[in-house]
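A.B. asks: I'd like to ask you about the structure that follows.
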Amino acid sequence: MAASSINLVIGANSTIAKALIEKLQCNFPDDPVVAISRSASIDFSESESQRVDWIGSDYSEQSMLAISTHMQAQKIYFNRIFICNGILHDEEFLPEKRLNDIDKQVLHKLFEVNAFQPVLWLKHLVRLLPREQECVVTVFSARVGSIDDNERGGWYSYRASKAALNMLFKTAAIECRRFAKNIKFLAFHPGTTDTPLSAPFQKGVPEARLFHPDFVADQLLKLLRDLPEEPILNFLDWQGEVISW
Ligand SMILES: NC(=O)c1ccc[n+]([C@@H]2O[C@H](COP(=O)([O-])OP(=O)(O)OC[C@H]3O[C@@H](n4cnc5c(N)ncnc54)[C@H](OP(=O)(O)O)[C@@H]3O)[C@@H](O)[C@H]2O)c1
């Protein structure tokens, strides 16, 4: 990485993203962190929050364009981008167990948040990726987005939206490689991590397999240190193991 690298964390109010921001600040104290979230509030300590440039966004394309245009005008180029957004359930729906549970609105919502918004961010941020310095774009995927790995079924919308996310980023990675050899891509599976997203599904998870967000953030930063140039999109879990598509 460059002597001073600029970090961008999108979906910054995610539990894992907040742990990641703290680890970035701790491991790379000279590297600025820009955080984007729907949420205007931050529950970091005062000293940490002062060092994060927090930007509110409704994740519309208009907002993505406005933010990226503003950054380009300021000649900001990002060396590490983390796109953390993801939903599995909310107060109105739970993951589907069977075909009969499939609801078109839920499918739309999960594809919107888990696949469309991340790739639209990339569309607008690509002009802010440096062409010579090292640069890694990490998108939070999930093992359940692997088609090969799907042995248990269920969770139709979440699985399908993460599989779509993987395909969108693989396609983007191929395109980016044509004009910038320095950009690496990672689709990251954090493992089951103790956050609101996994909260309703933690019962059967052995204690040792339910990770603390700090642990996951550390693992991710370790992975980025030695991320290979090939494959063009790495699909890796928290311990660096390759996940098949
Ligand atoms: N926790 C796990 O066990 C686990 C396992 C595999 C993969 N993951 C993935 O890891 C990532 C981080 O998740 P987390 O566990 O830290 O979950 P979390 O604490 O629930 O964070 C949710 C994230 O999704 C965004 N989000 C939520 N609702 C949204 C909406 N309606 N529109 C746009 N963005 C929305 C939030 O962005 P704002 O900052 O804008 O609020 C935030 O980044 C997700 O992509 C998730 O799929 C998690």
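Letters for chains follow the order of the structure tokens (A, B, ...), residue numbers begin at 1 for each chain, and ligand numbers begin at 1 in the order shown.
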Within 6 Å of ligand 1, counting only C-alpha atoms and all ligand atoms: which residues, as a list in words?
C.D. replies: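 After applying the 6 Å limit, what remains is Gly11, Ala12, Asn13, Ser14, Thr15, Ile16, Ser37, Arg38, Ser39, Cys84, Asn85, Gly86, Ile87, Val113, Phe140, Ser141, Ala142, His189, Pro190, Gly191, Thr192, Thr193, Asp194, Thr195, Pro196, Leu197 and Ser198 of chain A.
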A.B. asks: Determine, using only C-alpha atoms, which residues of region 50-147 of chain A have any atom at most 12 Å from an atom of region 200-209 of chain A, and tabulate each with its shortest atom pair and distance in Å to one decimal place, rows ordered by chain and then rising number, as JSON lines.
C.D. replies:
{"residue": "A:Leu88", "atom": "CA", "partner": "A:Pro200", "partner_atom": "CA", "distance": 10.2}
{"residue": "A:His89", "atom": "CA", "partner": "A:Pro200", "partner_atom": "CA", "distance": 9.1}
{"residue": "A:Asp90", "atom": "CA", "partner": "A:Pro200", "partner_atom": "CA", "distance": 10.5}
{"residue": "A:Glu91", "atom": "CA", "partner": "A:Pro200", "partner_atom": "CA", "distance": 11.5}
{"residue": "A:Phe93", "atom": "CA", "partner": "A:Pro200", "partner_atom": "CA", "distance": 11.9}
{"residue": "A:Leu94", "atom": "CA", "partner": "A:Pro200", "partner_atom": "CA", "distance": 9.2}
{"residue": "A:Pro95", "atom": "CA", "partner": "A:Phe201", "partner_atom": "CA", "distance": 10.2}
A.B. asks: Restricting the calculation to only C-alpha atoms, which member of A:Leu168, A:Ile10, A:Ala73, A:Ala173 is positioned closest to Asp58 (chain A)?
C.D. replies: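 Closest candidate: A:Ile10.
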A.B. asks: Could I get the residues of region 76-171 of chain A with an atom no further than 12 Å from an atom of region 60-71 of chain A, each paired with its nearest atom pair and that distance in Å to one decimal, using only C-alpha atoms, sorted by chain and residue number, as CSV?
C.D. replies:
residue,atom,partner,partner_atom,distance
A:Ile76,CA,A:Met71,CA,5.4
A:Tyr77,CA,A:Met71,CA,8.0
A:Phe78,CA,A:Met71,CA,9.9
A:Glu112,CA,A:Ser60,CA,10.7
A:Val113,CA,A:Ser60,CA,11.0
A:Phe116,CA,A:Glu61,CA,10.5
A:Gln117,CA,A:Ser60,CA,8.2
A:Pro118,CA,A:Met64,CA,10.7
A:Val119,CA,A:Glu61,CA,10.9
A:Leu120,CA,A:Glu61,CA,7.2
A:Trp121,CA,A:Met64,CA,6.4
A:Leu122,CA,A:Met64,CA,9.5
A:Lys123,CA,A:Met64,CA,9.1
A:His124,CA,A:Leu65,CA,6.1
A:Leu125,CA,A:Ser68,CA,6.1
A:Val126,CA,A:Ser68,CA,9.2
A:Arg127,CA,A:Ser68,CA,8.2
A:Leu128,CA,A:Ser68,CA,7.5
A:Leu129,CA,A:Ser68,CA,11.0
A.B. asks: Could you give me, as a list of chain:residue names, the residues within 6 Å of region 236-245 of chain A, counting only C-alpha atoms and dropping anything in the same chain fewer than 5 positions from it?
C.D. replies: A:Ser146, A:Ile147, A:Asp148, A:Phe188, A:His189, A:Pro190, A:Gln219
A.B. asks: Put those residues in a file: C-alpha atoms, as a compact mmCIF listing (two decimals), in the first residue's frame.
C.D. replies:
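Output saved as part24.txt:
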# COMPACT_ATOMS: atom_id res chain seq x y z
CA SER A 146 -22.10 -19.98 -3.51
CA ILE A 147 -24.16 -22.14 -5.87
CA ASP A 148 -21.77 -25.10 -5.42
CA PHE A 188 -15.42 -11.59 1.39
CA HIS A 189 -17.35 -14.03 3.58
CA PRO A 190 -16.91 -12.96 7.21
CA GLN A 219 -8.86 -11.30 9.61
A.B. asks: Tell me, as a VMD selection string, which residues lie within 9 Å of Ile81 (chain A), counting only C-alpha atoms; anything in the same chain fewer than 6 positions away does not count.
C.D. replies: chain A and resid 6 to 10 135 to 139
A.B. asks: Apply DSSP to the structure's backbone, then extract all residues of region 1-241 of chain A labelled strand (DSSP E or B) and return them as a PyMOL selection string.
C.D. replies: chain A and resi 7-10+33-37+52-56+80-83+135-140+183-189+193+211+233-237
A.B. asks: Between CA of Trp155 (chain A) and CA of Glu96 (chain A), what is the distance in Å, rounded to a tenth?
C.D. replies: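 So the two atoms, CA of Trp155 (chain A) and CA of Glu96 (chain A), lie 4.9 Å apart.
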A.B. asks: Among region 186-237 of chain A, which residues carry a DSSP assignment of alpha helix (DSSP H), reported as a list of chain:residue names?
C.D. replies: A:Pro213, A:Asp214, A:Phe215, A:Val216, A:Ala217, A:Asp218, A:Gln219, A:Leu220, A:Leu221, A:Lys222, A:Leu223, A:Leu224, A:Arg225
A.B. asks: Store the residues picked out above in a file with N, CA and C atoms, as a PDB file, in the first residue's frame.
C.D. replies:
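Everything below was put into result-v4.pdb:
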ATOM      1  N   PRO A 213     -17.080  -9.159  15.792  1.00  0.00           N
ATOM      2  CA  PRO A 213     -16.739  -8.294  14.645  1.00  0.00           C
ATOM      3  C   PRO A 213     -15.268  -7.843  14.629  1.00  0.00           C
ATOM      4  N   ASP A 214     -14.663  -7.658  15.816  1.00  0.00           N
ATOM      5  CA  ASP A 214     -13.243  -7.246  15.855  1.00  0.00           C
ATOM      6  C   ASP A 214     -12.345  -8.313  15.235  1.00  0.00           C
ATOM      7  N   PHE A 215     -12.663  -9.581  15.538  1.00  0.00           N
ATOM      8  CA  PHE A 215     -11.882 -10.688  14.992  1.00  0.00           C
ATOM      9  C   PHE A 215     -11.987 -10.699  13.470  1.00  0.00           C
ATOM     10  N   VAL A 216     -13.218 -10.540  12.987  1.00  0.00           N
ATOM     11  CA  VAL A 216     -13.447 -10.580  11.531  1.00  0.00           C
ATOM     12  C   VAL A 216     -12.712  -9.429  10.844  1.00  0.00           C
ATOM     13  N   ALA A 217     -12.760  -8.260  11.467  1.00  0.00           N
ATOM     14  CA  ALA A 217     -12.074  -7.093  10.885  1.00  0.00           C
ATOM     15  C   ALA A 217     -10.571  -7.348  10.810  1.00  0.00           C
ATOM     16  N   ASP A 218     -10.012  -7.935  11.874  1.00  0.00           N
ATOM     17  CA  ASP A 218      -8.572  -8.265  11.863  1.00  0.00           C
ATOM     18  C   ASP A 218      -8.253  -9.262  10.755  1.00  0.00           C
ATOM     19  N   GLN A 219      -9.100 -10.284  10.637  1.00  0.00           N
ATOM     20  CA  GLN A 219      -8.862 -11.304   9.613  1.00  0.00           C
ATOM     21  C   GLN A 219      -8.894 -10.688   8.217  1.00  0.00           C
ATOM     22  N   LEU A 220      -9.862  -9.804   8.005  1.00  0.00           N
ATOM     23  CA  LEU A 220      -9.983  -9.179   6.681  1.00  0.00           C
ATOM     24  C   LEU A 220      -8.729  -8.357   6.362  1.00  0.00           C
ATOM     25  N   LEU A 221      -8.265  -7.581   7.321  1.00  0.00           N
ATOM     26  CA  LEU A 221      -7.077  -6.751   7.042  1.00  0.00           C
ATOM     27  C   LEU A 221      -5.845  -7.626   6.791  1.00  0.00           C
ATOM     28  N   LYS A 222      -5.783  -8.778   7.484  1.00  0.00           N
ATOM     29  CA  LYS A 222      -4.671  -9.711   7.210  1.00  0.00           C
ATOM     30  C   LYS A 222      -4.749 -10.230   5.781  1.00  0.00           C
ATOM     31  N   LEU A 223      -5.964 -10.601   5.358  1.00  0.00           N
ATOM     32  CA  LEU A 223      -6.145 -11.124   3.988  1.00  0.00           C
ATOM     33  C   LEU A 223      -5.703 -10.111   2.950  1.00  0.00           C
ATOM     34  N   LEU A 224      -6.018  -8.854   3.201  1.00  0.00           N
ATOM     35  CA  LEU A 224      -5.713  -7.825   2.198  1.00  0.00           C
ATOM     36  C   LEU A 224      -4.208  -7.650   2.001  1.00  0.00           C
ATOM     37  N   ARG A 225      -3.451  -7.943   3.078  1.00  0.00           N
ATOM     38  CA  ARG A 225      -1.992  -7.774   2.970  1.00  0.00           C
ATOM     39  C   ARG A 225      -1.405  -8.633   1.866  1.00  0.00           C
TER      40      ARG A 225
END
A.B. asks: Pick out the residues sitting within 10 Å of Ala160 (chain A), and hand them over as a list in words; count only C-alpha atoms, and ignore anything fewer than 6 positions along from it in its own chain.
C.D. replies: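 Residues meeting the cut-off are Leu107, Leu110, Phe111, Asn114, Ala115, Val144, Gly145, Ser146, Ile147 and Asn166 of chain A.
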A.B. asks: How about saving the chosen residues, C-alpha atoms kept, as a CSV table (one decimal), in the first residue's frame?
C.D. replies:
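part29.csv written:
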chain,number,residue,atom,x,y,z
A,107,LEU,CA,-36.8,-10.4,-3.7
A,110,LEU,CA,-32.7,-7.9,-1.2
A,111,PHE,CA,-31.4,-7.7,-4.7
A,114,ASN,CA,-27.3,-6.8,-1.6
A,115,ALA,CA,-26.4,-6.6,-5.3
A,144,VAL,CA,-24.5,-18.9,1.1
A,145,GLY,CA,-24.2,-17.0,-2.2
A,146,SER,CA,-22.1,-20.0,-3.5
A,147,ILE,CA,-24.2,-22.1,-5.9
A,166,ASN,CA,-20.5,-12.1,-7.0
A.B. asks: Find the residues near Ser4 (chain A): any atom within 10 Å, counting only C-alpha atoms, skip ones fewer than 6 places away on the same chain, and give them as an NGL selection string.
C.D. replies: :A and (28-32 or 79)
A.B. asks: If I take CA of Ala199 (chain A) and CA of Gly153 (chain A), how far is one from the other in Å, to one decimal?
C.D. replies: 19.7 Å
